[in-house]
$ cat entry.cif   # mmCIF, C-alpha atoms
data_data
loop_
_atom_site.label_atom_id
_atom_site.label_comp_id
_atom_site.auth_asym_id
_atom_site.auth_seq_id
_atom_site.Cartn_x
_atom_site.Cartn_y
_atom_site.Cartn_z
CA MET A 1 0.00 0.00 0.00
CA ALA A 2 1.38 3.39 -0.98
CA LYS A 3 1.08 6.44 1.21
CA PHE A 4 1.59 9.94 -0.16
CA GLN A 5 3.95 11.74 2.17
CA GLY A 6 3.85 15.25 3.66
CA GLY A 7 6.75 17.35 4.96
CA GLY A 8 9.35 16.44 7.55
CA GLN A 9 8.95 16.61 11.31
CA ARG A 10 9.71 19.78 13.28
CA SER A 11 8.57 21.46 16.49
CA THR A 12 5.01 22.76 16.60
CA GLY A 13 6.12 26.29 17.49
CA ALA A 14 8.51 26.51 14.56
CA GLU A 15 5.88 24.99 12.27
CA VAL A 16 3.24 27.54 13.29
CA LYS A 17 5.65 30.47 13.01
CA ASN A 18 6.87 29.34 9.59
CA ALA A 19 3.30 28.90 8.35
CA ILE A 20 2.21 32.36 9.45
CA MET A 21 5.29 34.04 7.96
CA THR A 22 4.79 32.14 4.70
CA GLY A 23 1.15 33.24 4.50
CA VAL A 24 1.99 36.86 5.27
CA SER A 25 4.88 37.00 2.79
CA TRP A 26 2.64 35.74 -0.03
CA MET A 27 -0.16 38.09 1.03
CA LEU A 28 1.90 41.30 1.02
CA PRO A 29 2.25 41.71 -2.79
CA PHE A 30 -1.54 41.58 -3.16
CA VAL A 31 -2.08 44.10 -0.36
CA ILE A 32 0.60 46.50 -1.54
CA SER A 33 -0.33 46.37 -5.23
CA GLY A 34 -4.02 46.87 -4.44
CA ALA A 35 -3.36 49.70 -2.03
CA VAL A 36 -0.99 51.51 -4.41
CA ILE A 37 -3.47 51.27 -7.31
CA MET A 38 -6.25 52.58 -5.07
CA GLY A 39 -3.94 55.35 -3.88
CA ILE A 40 -3.21 56.38 -7.48
CA ALA A 41 -6.93 56.46 -8.22
CA ARG A 42 -7.75 58.55 -5.15
CA ILE A 43 -4.89 61.00 -5.61
CA GLY A 44 -5.94 61.44 -9.25
CA ALA A 45 -9.56 61.92 -8.24
CA SER A 46 -8.59 64.60 -5.74
CA LEU A 47 -7.29 66.68 -8.65
CA TYR A 48 -10.90 66.75 -9.89
CA GLY A 49 -12.23 67.63 -6.46
CA ILE A 50 -13.63 64.11 -5.93
CA ASP A 51 -13.19 62.46 -2.54
CA ASN A 52 -15.36 59.36 -3.12
CA ILE A 53 -14.06 57.95 -6.39
CA TRP A 54 -15.19 54.47 -5.26
CA ASP A 55 -18.85 55.52 -5.47
CA ALA A 56 -20.73 53.74 -8.28
CA SER A 57 -22.10 57.04 -9.61
CA HIS A 58 -18.68 57.86 -11.08
CA GLU A 59 -18.96 54.91 -13.46
CA GLN A 60 -21.16 57.12 -15.65
CA ALA A 61 -19.24 60.37 -15.09
CA ALA A 62 -18.98 62.87 -17.94
CA SER A 63 -15.19 62.78 -17.81
CA VAL A 64 -13.52 59.70 -19.27
CA MET A 65 -10.61 60.21 -16.87
CA VAL A 66 -12.92 60.11 -13.84
CA GLN A 67 -14.45 56.89 -15.18
CA MET A 68 -10.96 55.47 -15.59
CA LEU A 69 -9.96 56.45 -12.04
CA HIS A 70 -13.14 54.79 -10.75
CA LYS A 71 -12.09 51.62 -12.59
CA PHE A 72 -8.59 51.85 -11.12
CA ASP A 73 -10.03 52.06 -7.61
CA GLY A 74 -12.04 48.92 -8.36
CA PHE A 75 -8.93 47.12 -9.62
CA GLY A 76 -7.14 47.95 -6.38
CA GLY A 77 -10.11 46.75 -4.33
CA LEU A 78 -10.12 43.51 -6.29
CA ALA A 79 -6.46 42.91 -5.42
CA LEU A 80 -7.14 43.65 -1.74
CA SER A 81 -10.09 41.24 -1.72
CA LEU A 82 -7.60 38.39 -2.32
CA MET A 83 -5.78 39.13 0.93
CA LEU A 84 -7.63 36.66 3.17
CA PRO A 85 -7.80 33.74 0.70
CA VAL A 86 -4.10 34.10 -0.11
CA VAL A 87 -2.90 34.25 3.51
CA ALA A 88 -5.06 31.23 4.43
CA GLY A 89 -4.02 29.32 1.31
CA TYR A 90 -0.30 29.75 1.88
CA ILE A 91 -0.50 29.00 5.59
CA SER A 92 -2.05 25.69 4.56
CA PHE A 93 0.55 25.31 1.80
CA ALA A 94 3.37 25.75 4.34
CA LEU A 95 1.88 22.98 6.47
CA ALA A 96 0.72 20.47 3.87
CA ASN A 97 2.46 21.49 0.64
CA LYS A 98 0.57 21.75 -2.66
CA PRO A 99 -2.47 19.63 -1.66
CA GLY A 100 -3.24 22.16 1.09
CA LEU A 101 -3.39 25.18 -1.21
CA ALA A 102 -6.96 24.81 -2.50
CA PRO A 103 -8.52 23.93 0.88
CA GLY A 104 -6.74 26.88 2.48
CA MET A 105 -7.76 29.40 -0.16
CA VAL A 106 -11.38 28.26 -0.21
CA GLY A 107 -11.39 28.32 3.59
CA GLY A 108 -9.98 31.86 3.54
CA LEU A 109 -12.62 32.97 1.05
CA LEU A 110 -15.31 31.45 3.27
CA ALA A 111 -13.79 33.21 6.29
CA SER A 112 -14.11 36.50 4.41
CA ASN A 113 -17.75 35.77 3.54
CA LEU A 114 -18.54 34.81 7.13
CA GLY A 115 -17.12 38.08 8.43
CA THR A 116 -14.43 36.48 10.56
CA GLY A 117 -11.74 38.82 9.24
CA PHE A 118 -8.03 38.14 9.51
CA LEU A 119 -8.43 35.89 12.56
CA GLY A 120 -10.77 33.64 10.58
CA ALA A 121 -8.34 33.50 7.66
CA LEU A 122 -5.52 32.43 9.99
CA ALA A 123 -7.77 29.79 11.50
CA ALA A 124 -8.88 28.57 8.06
CA GLY A 125 -5.27 28.18 6.96
CA PHE A 126 -4.34 26.06 9.97
CA VAL A 127 -7.58 24.03 9.84
CA ALA A 128 -7.03 23.27 6.15
CA GLY A 129 -3.35 22.45 6.58
CA TYR A 130 -3.83 20.07 9.49
CA ILE A 131 -6.87 18.43 7.91
CA VAL A 132 -4.86 17.69 4.77
CA LEU A 133 -1.99 16.37 6.88
CA ALA A 134 -4.43 14.12 8.77
CA LEU A 135 -5.95 12.81 5.53
CA ASN A 136 -2.46 12.21 4.21
CA ARG A 137 -1.63 10.18 7.31
CA TRP A 138 -4.84 8.19 7.50
CA ILE A 139 -5.63 7.40 3.88
CA LYS A 140 -3.61 4.64 2.29
CA LEU A 141 -3.94 3.83 -1.37
CA PRO A 142 -2.68 1.05 -3.61
CA LYS A 143 0.36 2.01 -5.64
CA THR A 144 -1.73 2.18 -8.79
CA LEU A 145 -3.92 4.93 -7.25
CA ALA A 146 -1.29 6.78 -5.20
CA SER A 147 -0.98 9.59 -7.75
CA ALA A 148 -4.65 10.46 -7.25
CA GLY A 149 -4.04 11.44 -3.63
CA PRO A 150 -2.27 14.82 -4.00
CA ILE A 151 -4.36 15.99 -6.96
CA PHE A 152 -7.81 14.59 -6.10
CA ILE A 153 -8.44 13.06 -2.70
CA LEU A 154 -6.52 15.54 -0.53
CA PRO A 155 -7.72 18.78 -2.21
CA VAL A 156 -11.35 17.63 -2.49
CA GLY A 157 -11.57 16.07 0.97
CA GLY A 158 -9.56 18.88 2.55
CA THR A 159 -11.71 21.60 0.98
CA LEU A 160 -14.99 19.97 2.01
CA LEU A 161 -13.91 19.29 5.58
CA THR A 162 -12.37 22.76 5.97
CA CYS A 163 -15.59 24.41 4.82
CA ILE A 164 -17.65 22.25 7.19
CA VAL A 165 -15.44 23.20 10.16
CA MET A 166 -15.46 26.90 9.24
CA ALA A 167 -19.20 27.10 8.52
CA PHE A 168 -20.58 24.97 11.36
CA VAL A 169 -17.96 24.97 14.13
CA ILE A 170 -15.67 28.00 14.39
CA GLY A 171 -17.09 30.49 11.90
CA THR A 172 -19.79 32.02 14.12
CA PRO A 173 -17.62 32.44 17.27
CA LEU A 174 -14.78 33.93 15.25
CA ALA A 175 -17.15 36.32 13.47
CA ALA A 176 -18.49 37.46 16.85
CA LEU A 177 -14.95 37.89 18.20
CA ASN A 178 -13.85 39.81 15.12
CA HIS A 179 -16.93 42.06 15.26
CA GLY A 180 -16.37 42.74 18.96
CA MET A 181 -12.72 43.63 18.37
CA GLU A 182 -13.67 45.94 15.49
CA GLN A 183 -16.28 47.72 17.61
CA TRP A 184 -13.82 48.08 20.47
CA LEU A 185 -11.15 49.56 18.22
CA LEU A 186 -13.61 51.85 16.45
CA SER A 187 -14.97 53.09 19.78
CA MET A 188 -11.52 54.14 20.94
CA SER A 189 -11.04 57.87 21.16
CA GLY A 190 -8.80 60.37 22.85
CA THR A 191 -6.27 58.90 25.25
CA ASN A 192 -7.08 55.26 24.52
CA LYS A 193 -6.50 55.71 20.79
CA VAL A 194 -3.22 57.52 21.40
CA LEU A 195 -2.02 54.82 23.81
CA LEU A 196 -2.83 52.09 21.29
CA ALA A 197 -0.86 53.97 18.64
CA ALA A 198 2.07 54.38 21.03
CA VAL A 199 2.14 50.64 21.81
CA ILE A 200 2.05 49.72 18.11
CA GLY A 201 4.71 52.31 17.31
CA GLY A 202 6.98 51.07 20.09
CA MET A 203 6.61 47.45 18.94
CA VAL A 204 7.45 48.38 15.35
CA GLY A 205 10.52 50.36 16.42
CA PHE A 206 11.77 47.69 18.82
CA ASP A 207 13.39 45.08 16.57
CA LEU A 208 13.30 46.74 13.13
CA GLY A 209 11.77 44.03 10.98
CA GLY A 210 12.00 41.23 13.56
CA PRO A 211 9.14 39.16 14.97
CA VAL A 212 7.79 41.90 17.30
CA ASN A 213 7.83 44.41 14.46
CA LYS A 214 6.15 41.98 12.07
CA ALA A 215 3.48 41.03 14.59
CA ALA A 216 2.43 44.66 14.98
CA VAL A 217 2.63 45.52 11.27
CA THR A 218 0.77 42.40 10.15
CA THR A 219 -2.03 42.95 12.66
CA ALA A 220 -2.33 46.60 11.64
CA MET A 221 -2.52 45.70 7.96
CA ALA A 222 -5.08 43.00 8.64
CA LEU A 223 -7.37 45.53 10.30
CA LEU A 224 -7.38 47.56 7.09
CA ALA A 225 -9.77 44.98 5.66
CA SER A 226 -12.26 45.98 8.36
CA GLY A 227 -11.90 49.71 7.72
CA ILE A 228 -9.86 50.32 10.89
CA TYR A 229 -7.02 52.66 9.95
CA ASP A 230 -5.45 53.97 13.17
CA PRO A 231 -3.25 50.90 13.85
CA ASN A 232 -1.96 51.00 10.26
CA THR A 233 -1.28 54.74 10.52
CA ALA A 234 0.75 54.16 13.69
CA ALA A 235 2.67 51.25 12.19
CA GLN A 236 3.54 52.99 8.92
CA VAL A 237 4.88 56.05 10.75
CA ALA A 238 6.93 53.92 13.13
CA ILE A 239 8.47 51.86 10.32
CA ILE A 240 10.40 54.80 8.93
CA VAL A 241 11.13 56.96 11.96
CA PRO A 242 14.25 55.06 13.23
CA PRO A 243 16.17 54.84 9.93
CA ILE A 244 15.40 58.47 9.05
CA GLY A 245 16.25 59.74 12.54
CA LEU A 246 19.56 57.89 12.75
CA GLY A 247 20.46 58.69 9.16
CA VAL A 248 19.87 62.40 9.74
CA ALA A 249 21.89 62.26 12.97
CA THR A 250 24.94 60.94 11.08
CA LEU A 251 24.64 63.84 8.65
CA ILE A 252 24.28 66.57 11.27
CA TRP A 253 26.59 65.21 13.99
CA SER A 254 28.92 63.02 11.96
CA SER A 255 31.80 63.33 14.46
CA ARG A 256 29.70 61.46 17.02
CA PHE A 257 29.63 58.29 14.92
CA PRO A 258 32.39 55.93 13.79
CA GLU A 259 33.16 56.00 10.10
CA SER A 260 31.33 52.75 9.41
CA LEU A 261 28.09 54.15 10.84
CA ARG A 262 28.47 57.38 8.87
CA GLU A 263 28.42 55.26 5.74
CA ALA A 264 25.50 53.23 7.07
CA GLY A 265 23.67 56.48 7.85
CA LYS A 266 23.58 57.47 4.20
CA ALA A 267 21.86 54.25 3.29
CA SER A 268 19.64 54.45 6.39
CA THR A 269 18.11 57.77 5.38
CA LEU A 270 17.28 56.51 1.91
CA MET A 271 15.90 53.23 3.24
CA GLY A 272 13.71 55.13 5.66
CA LEU A 273 12.29 57.32 2.93
CA ILE A 274 11.28 54.28 0.89
CA GLY A 275 9.85 52.48 3.92
CA VAL A 276 12.52 49.98 5.00
CA SER A 277 13.05 49.95 8.78
CA GLU A 278 16.07 47.62 8.51
CA GLY A 279 18.20 50.64 7.62
CA ALA A 280 18.59 51.31 11.36
CA ILE A 281 19.87 47.80 12.20
CA PRO A 282 23.63 48.64 11.94
CA PHE A 283 23.19 51.22 14.71
CA ALA A 284 21.40 48.73 16.98
CA LEU A 285 24.15 46.18 16.38
CA ALA A 286 26.87 48.71 17.16
CA ASN A 287 25.18 49.88 20.36
CA PRO A 288 21.97 48.11 21.50
CA ARG A 289 21.11 51.00 23.84
CA ILE A 290 19.80 52.87 20.80
CA ILE A 291 16.85 50.45 20.79
CA VAL A 292 15.34 52.35 23.74
CA VAL A 293 15.60 55.60 21.80
CA ASN A 294 14.08 53.96 18.71
CA VAL A 295 11.10 52.73 20.74
CA ILE A 296 10.49 56.17 22.26
CA GLY A 297 10.77 58.05 18.96
CA SER A 298 8.58 55.54 17.11
CA ALA A 299 5.93 55.61 19.85
CA VAL A 300 5.83 59.41 19.95
CA GLY A 301 5.64 59.76 16.16
CA ALA A 302 2.90 57.11 15.88
CA SER A 303 0.77 58.48 18.72
CA MET A 304 1.14 62.04 17.46
CA ALA A 305 -0.05 61.08 13.96
CA VAL A 306 -3.09 59.20 15.24
CA GLY A 307 -3.90 61.66 18.02
CA LEU A 308 -3.89 64.65 15.67
CA GLY A 309 -6.14 62.95 13.12
CA ALA A 310 -3.88 61.68 10.32
CA SER A 311 -5.14 58.50 8.66
CA ASN A 312 -3.18 56.24 6.33
CA HIS A 313 -5.54 53.92 4.42
CA ALA A 314 -2.78 51.96 2.67
CA PRO A 315 0.06 49.74 3.94
CA ILE A 316 2.62 52.13 2.48
CA SER A 317 5.21 53.86 4.63
CA GLY A 318 7.47 55.30 1.90
CA PHE A 319 7.39 58.96 0.86
CA TYR A 320 5.54 58.07 -2.36
CA GLY A 321 2.41 57.40 -0.32
CA TRP A 322 2.48 60.38 2.04
CA LEU A 323 0.30 62.66 -0.09
CA ALA A 324 -2.44 60.02 -0.18
CA VAL A 325 -2.78 60.17 3.62
CA GLU A 326 -5.66 62.10 5.12
CA GLN A 327 -4.23 65.13 6.95
CA TRP A 328 -0.87 64.48 5.31
CA PRO A 329 0.84 67.62 6.75
CA ILE A 330 0.19 66.25 10.26
CA TYR A 331 1.43 62.84 9.13
CA VAL A 332 4.70 64.28 7.79
CA LEU A 333 5.11 66.46 10.88
CA SER A 334 4.70 63.39 13.09
CA ILE A 335 7.40 61.55 11.14
CA ALA A 336 9.67 64.58 11.50
CA CYS A 337 9.08 64.83 15.26
CA GLY A 338 9.68 61.13 15.87
CA SER A 339 12.83 61.23 13.74
CA ALA A 340 14.07 64.35 15.57
CA ILE A 341 13.65 62.59 18.94
CA ILE A 342 15.75 59.68 17.71
CA ALA A 343 18.36 61.94 16.13
CA CYS A 344 18.75 63.94 19.36
CA GLY A 345 18.56 60.82 21.54
CA SER A 346 21.40 59.26 19.57
CA LEU A 347 23.69 61.97 20.98
CA PHE A 348 23.42 60.29 24.39
CA ILE A 349 24.32 56.92 22.92
CA PHE A 350 26.99 57.71 20.34
CA ARG A 351 29.61 60.13 21.66
CA GLY A 352 32.38 59.76 19.15
CA GLU A 353 33.97 56.94 21.14
CA ALA A 354 35.29 53.74 19.62
CA THR A 355 33.42 50.56 20.44
CA PRO A 356 35.27 48.67 23.24
CA VAL A 357 36.37 45.08 22.79
CA SER A 358 35.23 42.85 25.66
CA GLY A 359 38.01 41.43 27.83
CA GLY A 360 40.67 44.01 27.03
CA ASN A 361 41.57 47.68 26.99
CA LYS A 362 41.83 47.99 23.24
CA THR A 363 39.23 49.75 21.18
CA THR A 364 38.08 49.09 17.70
CA PRO A 365 35.70 50.95 15.45
CA ALA A 366 32.25 49.50 14.81
CA PRO A 367 32.23 47.00 11.96
CA LYS A 368 31.60 48.17 8.44
CA PHE A 369 28.28 47.15 6.93
CA LYS A 370 28.68 46.35 3.26
CA ALA A 371 25.82 45.76 0.87
CA SER A 372 25.94 42.38 -0.80
CA ARG A 373 25.75 42.09 -4.55
#
$ encode --input "entry.cif" --output "structure tokens"
Amino acid sequence: MAKFQGGGQRSTGAEVKNAIMTGVSWMLPFVISGAVIMGIARIGASLYGIDNIWDASHEQAASVMVQMLHKFDGFGGLALSLMLPVVAGYISFALANKPGLAPGMVGGLLASNLGTGFLGALAAGFVAGYIVLALNRWIKLPKTLASAGPIFILPVGGTLLTCIVMAFVIGTPLAALNHGMEQWLLSMSGTNKVLLAAVIGGMVGFDLGGPVNKAAVTTAMALLASGIYDPNTAAQVAIIVPPIGLGVATLIWSSRFPESLREAGKASTLMGLIGVSEGAIPFALANPRIIVVNVIGSAVGASMAVGLGASNHAPISGFYGWLAVEQWPIYVLSIACGSAIIACGSLFIFRGEATPVSGGNKTTPAPKFKASR
């Protein structure tokens, strides 16, 4: 009897983490492309004095360009609508390989229809992946029929069972949980909203693209699907504040930094402007105390943006998306303030001294950070 095999054994924690990161990495191109296309449509519409280009009435507008911009907004929305099926599908794919892809995507689509949001899509991905793994383990076929398993039995059985579990077991509780969380976040105002933004900003600035950063950014982007924009606004500000702040500091107070970090600062500023928080990593490696400053600057910039009413509707942190933000002058001012805090705070961390070598009295400059080919 032949048995069609799944992936190798590994710890549950590593398996879950790998599955989530796989799902998110495949989801991001859909989210970013959809958001950028929608941003182009809405910026273009603003030139015509239109602030609701998504409204169906613009489909019959007198101007061909307005009709086109309305179509563009729809194209972007179509790309964004694939977010939940894709993240669920590739979580399942990471767990059960190709046979898990269809059950996961269908489960994610059902999660979207049931109103369970991002939580439901995550659940659908894991339900589908583990159901397919279970079917793979339990079903044994003769060698002559073994090839039918990965292309017929596993996708069909996995899809049906995933839909049954989502529709009749966990769909309703998850929808209620998601709705409650949405209402709670939407009801936040004043101090509560600012504190939430500060927490998200601090998490994003903490490890600069690491797991804490990604947890905050992914959650914020997921809430976009529910029309909740404050967490995303906080996250997108905090992504770019550390690299810009540290890059500017190396330009203004270059004597405070070793030569290697002056070179890294040039790249850091550019990386910050295009929305890459990893530009600040060389500074954290050279002196981990700067992490505290990064967290403070990111939290202040994020809470300032949200508290003063800026709203970023797209998962775009780079300068090319700033003008599409509601209250964009406040948004840019918040980035500048957060970056200034980090730039000034770096003066207490970097004082023009060489980095000491542990176990001796010698000193050596911080290591050079070279870009790979």
$ residues_around --input "entry.cif" --residues "Ser268 (chain A)" --least-positions-apart "5" --cutoff "9 Å" --atoms "all atoms listed in the file" --output "list in words"
Pro242, Pro243, Ile244, Gly245, Leu246, Gly247, Val248, Glu263, Leu273, Val276, Ser277, Glu278, Gly279, Ala280, Ile281 and Pro282 of chain A
$ closest_atom_pairs --input "entry.cif" --of "region 207-320 of chain A" --to "region 167-179 of chain A" --cutoff "12 Å" --atoms "only C-alpha atoms" --output "tab-separated table"
residue	atom	partner	partner_atom	distance
A:Ala222	CA	A:Asn178	CA	11.4
A:Leu223	CA	A:Asn178	CA	9.9
A:Ala225	CA	A:Asn178	CA	11.5
A:Ser226	CA	A:His179	CA	9.2
A:Gly227	CA	A:His179	CA	11.9
A:Ile228	CA	A:His179	CA	11.7
$ residues_around --input "entry.cif" --residues "Ala121 (chain A)" --least-positions-apart "2" --cutoff "6 Å" --atoms "only C-alpha atoms" --output "ChimeraX atom specification"
/A:84,88,108,111,118-119,123-124
$ closest_residue --input "entry.cif" --among "A:Gly23, A:Phe72, A:Phe257, A:Leu196" --to "Gly129 (chain A)" --atoms "only C-alpha atoms"
A:Gly23
$ resolve_selection --input "entry.cif" --expression "the PyMOL selection byres ((chain A and resi 159) around 10)" --output "short mmCIF file (atom, residue, chain, number, x, y, z; two decimals) with C-alpha atoms, keeping the file's coordinate frame"
data_model
loop_
_atom_site.label_atom_id
_atom_site.label_comp_id
_atom_site.auth_asym_id
_atom_site.auth_seq_id
_atom_site.Cartn_x
_atom_site.Cartn_y
_atom_site.Cartn_z
CA PRO A 99 -2.47 19.63 -1.66
CA GLY A 100 -3.24 22.16 1.09
CA LEU A 101 -3.39 25.18 -1.21
CA ALA A 102 -6.96 24.81 -2.50
CA PRO A 103 -8.52 23.93 0.88
CA GLY A 104 -6.74 26.88 2.48
CA MET A 105 -7.76 29.40 -0.16
CA VAL A 106 -11.38 28.26 -0.21
CA GLY A 107 -11.39 28.32 3.59
CA ALA A 128 -7.03 23.27 6.15
CA ILE A 131 -6.87 18.43 7.91
CA VAL A 132 -4.86 17.69 4.77
CA ILE A 153 -8.44 13.06 -2.70
CA LEU A 154 -6.52 15.54 -0.53
CA PRO A 155 -7.72 18.78 -2.21
CA VAL A 156 -11.35 17.63 -2.49
CA GLY A 157 -11.57 16.07 0.97
CA GLY A 158 -9.56 18.88 2.55
CA LEU A 160 -14.99 19.97 2.01
CA LEU A 161 -13.91 19.29 5.58
CA THR A 162 -12.37 22.76 5.97
CA CYS A 163 -15.59 24.41 4.82
CA ILE A 164 -17.65 22.25 7.19
#
$ resolve_selection --input "entry.cif" --expression "the PyMOL selection byres ((chain A and resi 304) around 9)" --output "PDB file with C-alpha atoms, in the frame of the given file"
ATOM      1  CA  VAL A 194      -3.220  57.520  21.400  1.00  0.00           C
ATOM      2  CA  ALA A 197      -0.860  53.970  18.640  1.00  0.00           C
ATOM      3  CA  ALA A 198       2.070  54.380  21.030  1.00  0.00           C
ATOM      4  CA  ALA A 234       0.750  54.160  13.690  1.00  0.00           C
ATOM      5  CA  ALA A 299       5.930  55.610  19.850  1.00  0.00           C
ATOM      6  CA  VAL A 300       5.830  59.410  19.950  1.00  0.00           C
ATOM      7  CA  GLY A 301       5.640  59.760  16.160  1.00  0.00           C
ATOM      8  CA  ALA A 302       2.900  57.110  15.880  1.00  0.00           C
ATOM      9  CA  SER A 303       0.770  58.480  18.720  1.00  0.00           C
ATOM     10  CA  ALA A 305      -0.050  61.080  13.960  1.00  0.00           C
ATOM     11  CA  VAL A 306      -3.090  59.200  15.240  1.00  0.00           C
ATOM     12  CA  GLY A 307      -3.900  61.660  18.020  1.00  0.00           C
ATOM     13  CA  LEU A 308      -3.890  64.650  15.670  1.00  0.00           C
ATOM     14  CA  GLY A 309      -6.140  62.950  13.120  1.00  0.00           C
ATOM     15  CA  ALA A 310      -3.880  61.680  10.320  1.00  0.00           C
ATOM     16  CA  ILE A 330       0.190  66.250  10.260  1.00  0.00           C
ATOM     17  CA  TYR A 331       1.430  62.840   9.130  1.00  0.00           C
ATOM     18  CA  LEU A 333       5.110  66.460  10.880  1.00  0.00           C
ATOM     19  CA  SER A 334       4.700  63.390  13.090  1.00  0.00           C
ATOM     20  CA  ILE A 335       7.400  61.550  11.140  1.00  0.00           C
ATOM     21  CA  CYS A 337       9.080  64.830  15.260  1.00  0.00           C
ATOM     22  CA  GLY A 338       9.680  61.130  15.870  1.00  0.00           C
TER      23      GLY A 338
END
$ atom_distance --input "entry.cif" --atom1 "CA of Leu347 (chain A)" --atom2 "CA of Val212 (chain A)"
25.9 Å
$ closest_residue --input "entry.cif" --among "A:Ile290, A:Ile32, A:Asn213, A:Gly205" --to "Gly321 (chain A)" --atoms "all atoms listed in the file"
A:Ile32
$ resolve_selection --input "entry.cif" --expression "the PyMOL selection byres ((chain A and resi 204) around 8)" --output "PyMOL selection string"
chain A and resi 200-203+205-209+212-214+216-217+235+238-239+295+298
$ write_last_selection --input "entry.cif" --atoms "C-alpha atoms" --output "tab-separated table (two decimals), in the frame of the given file"
chain	number	residue	atom	x	y	z
A	200	ILE	CA	2.05	49.72	18.11
A	201	GLY	CA	4.71	52.31	17.31
A	202	GLY	CA	6.98	51.07	20.09
A	203	MET	CA	6.61	47.45	18.94
A	205	GLY	CA	10.52	50.36	16.42
A	206	PHE	CA	11.77	47.69	18.82
A	207	ASP	CA	13.39	45.08	16.57
A	208	LEU	CA	13.30	46.74	13.13
A	209	GLY	CA	11.77	44.03	10.98
A	212	VAL	CA	7.79	41.90	17.30
A	213	ASN	CA	7.83	44.41	14.46
A	214	LYS	CA	6.15	41.98	12.07
A	216	ALA	CA	2.43	44.66	14.98
A	217	VAL	CA	2.63	45.52	11.27
A	235	ALA	CA	2.67	51.25	12.19
A	238	ALA	CA	6.93	53.92	13.13
A	239	ILE	CA	8.47	51.86	10.32
A	295	VAL	CA	11.10	52.73	20.74
A	298	SER	CA	8.58	55.54	17.11
$ closest_residue --input "entry.cif" --among "A:Gly89, A:Ala41, A:Tyr320, A:Gly297" --to "Gly77 (chain A)" --atoms "all atoms listed in the file"
A:Ala41
$ residues_around --input "entry.cif" --residues "Leu82 (chain A)" --least-positions-apart "3" --cutoff "9 Å" --atoms "only C-alpha atoms" --output "ChimeraX atom specification"
/A:27,30-31,77-79,85-87,109
$ atom_distance --input "entry.cif" --atom1 "CA of Thr12 (chain A)" --atom2 "CA of Gly115 (chain A)"
28.1 Å
$ residues_around --input "entry.cif" --residues "Ala336 (chain A)" --least-positions-apart "4" --cutoff "8 Å" --atoms "all atoms listed in the file" --output "list in words"
Val241, Gly301, Val332 and Ala340 of chain A
$ closest_residue --input "entry.cif" --among "A:Ile20, A:Leu270, A:Leu224, A:Met166" --to "Ile91 (chain A)" --atoms "all atoms listed in the file"
A:Ile20
